[in-house]
Amino acid sequence: TLFNGSAFDPSIGNLGTQLGIANANNAGPGLLYLGFDGGLPPQPGTGGTLTGIGSQVVQQDFSDTVIQFDDGVTYTHGNHVFKTGFQMWRYRVNTGYTGNTGQYGDILFGPGSTGVDFAGDPAADFFLGYPEARGIGVSTSFVWHQFSWLFAGYGQDDWRITPTLTLNLGLRYEAHTPWVELNNRQSNLDLTTGALELAGRNGNSRALYNSVYGLPAIQPRFGFAWSPASMHGKTVVRGAYTISSYLEGTGTNLRLPRNPPFTPPEVGAQYAKATVKTEAGPGGALPGNPFSGAIMYVWDKTVQPALDQQWNLTIQQEVTPTTTFQLGYVGQKADHLMVPMPYLQKQLVNGVATTPLYFNNNPALIDVLSNVSGTASVGYMNYNSMQAVLQKRLSSGLDAQVAYTWSHCLTNNSGYYGTWGGARQSSTASPYYQNLYNPSADYASCYYNSNNIVSAYATYELPVGHGKRFGANMNSVVNQVVGGWTASTIVSTHSGFPLAIYGSGDFTGTGSRGPRPDCGVQVKFGRSQPAPDFGGYDWMSPSGFSDPAPGHFGNCPAQGPINGPGYFNADIGLMKNFHFTEATFLQFRSDFLNAFNNVNLGVPDTNFSTTSSTFGRINTSQPARNVQFALKLYF
């Protein structure tokens with residue numbers, strides 16, 4: 001390591017320049033790290049190429065903020081409780097980091113792929129401060145700052161009409177302003193003409209897209225609770241309907257300030273999670289066309305906040321004075337969900353890939369771009385479920401509940417983020433549609449859909465010791481050992497999640513960013529077939545999948561048709577309080593997590609290939625049994 005220093009402090013300025021290495025980090029203040037595998041750089045005239053300098057830099061700054069102004073008033077009059085208020089929230093995005101997917105940029109001195117050598121020698125270039133190229137990673141917002149507003153007002157009346165009937169009537173208005181950049185450093189492309197639009201110029205708005213106000217921002221709320229007099233207060237019927245809205249985030253990866261000419265272009269990357277931006281020329285300056293080889297991020301002309309409708313109807317019945325049973329229906333429908341759009345995908349007409357539908361009036365720009373990642377609020381989902389709950393309130397030392405849910409969730413897009421982690425139990429469909437021009441073809445089960453879910457808990461004070469059924473008069477020393485124990489358990493189980501099968505290449509020639517294979521007759525082994533090399537379980541057979549024919553999209557659903565492994569877990573705990581006085585005691589507890597050491601398998605390899613030997617195989621699992629003990633002093 002030759003130099004290692006931080007320039008997050010503005011008073012330090014550009015550390016590279018102060019150290020005599022001009023143009024090393026012109027992208028802004030940050031961490032300068034120059035490393036050489038062979039020690040110091042070679043002297044001028046010795047030849048060689050200096051590469052990889054700064055390749056381990058990680059500069060991060062997560063200083064996003066939400067400034068909140070809100071107030072509310074509650075007024076009670078007779079059988080009414082009125083509530084009203086307002087909210088003004090200002091969202092500010094100041095996230096910055098210089099790398100993604102483990103690649104953080106570098107500095108190159110000397111003739112590389114471009115053959116440029118400014119001083120005639122790589123080492124001389126280094127000492128003069130003329131790098132051939134500078135990779136600055138995915139610098140998301142060290143040089144730009146976005147903000148938007150949320151304005152909302154609400155009113156609600158909780159009206160107790162009779163002792164057995166209560167209504168909840170409410171109305172909310174919520175508006176989200178579009179994201180703008182502090183200094184108008186963002187650009188967009190017109191989807192039809194392909195014309196470059198610069199924020200705040202040539203009659204363009206600062207946001208370069210529109211939000212939605214008026215009727216779609218009005219959100220009614222309704223609820224009721226009714227206890228029929230004929231049931232003597234032992235039955236309650238409840239119901240509700242509401243509309244809520246929210247503006248989904250897109251991280252910082254697909255936002256308009258990342259576009260050239262304000263931000264150096266991201267060259268040659270295929271997806272939103274890109275690797276390195278490379279700038280060629282003295283000091284990293286980018287000569288010529290700043291759009292050449294770049295990825296453009298395009299937002300639809302109107303991006304509407306998601307509208308989420310939810311409703312439920314439940315009946316709760318008293319079984320005993322301490323036990324109730326509840327049965328209900330719960331539903332949800334959401335529209336205008338954020339979806340990434342592969343706008344450069346070609347159309348497929350009679351098995352032949354033709355020109356894209358978008359940007360047709362600006363072929364000169366489109367031809368030099370490497371890709372376009374769009375954002376549009378065109379996703380939708382729905383959820384329906386039957387939910388049953390048996391609850392035992394605390395009596396005779398026992399407090400318990402068992403809940404069962406049957407449900408099905410369907411959506412036409414998995415969203416930007418999906419799931420993460422190597423041992424997760426679900427695999428997520430590509431956030432990009434297989435066919436941009438037929439989004440409904442991706443309508444399938446949600447990646448988190450589980451048809452059957454059971455959860456239960458119980459806490460039981462063992463009836464042994466002073467004040468209990470057994471041993472009420474036992475010796476104090478014996479009571480400290482065997483009396484006053486409490487046992488508890490939590491049990492969770494659910495059926496498997498639908499798997500997303502991907503990996504087939506694009507057989508259509510359209511540039512699909514979410515291609516899928518064809519699905520035939522499925523063969524699922526489950527846990528019955530360990531892998532031949534003892535490397536896990538072969539969960540499913542590759543024989544049920546194949547590459548699609550040329551000129552055709554794969555017919556496998558976005559999620560499914562095979563579900564992954566289910567889940568079962570039982571935790572058991574024991575606890576006892578050792579009292580020194582009424583208010584001072586030592587609590588001992590032991591917890592047995594995954595008490596029965598059940599093996600909960602991870603997700604199988606869903607990356608299909610006709611030559612893969614691991615497709616369908618599971619070689620990960622969730623944590624095994626874990627036992628922990630704790631002592632806590634209360635005083």
# chains A, B, ... in the order shown; residues from 1 in each chain; ligands from 1
>>> select_by_dssp(residues="region 337-528 of chain A", states="strand (DSSP E)", output="MDAnalysis selection string")
chainID A and resid 337:341 347:349 352:354 371:395 398:411 444:445 452:461 485:494 518:519
>>> atom_distance(atom1="CA of Arg625 (chain A)", atom2="CA of Leu394 (chain A)")
29.2 Å
>>> residues_around(residues="Leu215 (chain A)", least_positions_apart="5", cutoff="12 Å", atoms="only C-alpha atoms", output="list in words")
Arg172, Tyr173, Glu174, Ala175, Pro220 and Leu307 of chain A
>>> residues_around(residues="Asp308 (chain A)", least_positions_apart="6", cutoff="10 Å", atoms="only C-alpha atoms", output="ChimeraX atom specification")
/A:219,242-246,332-337,380-382
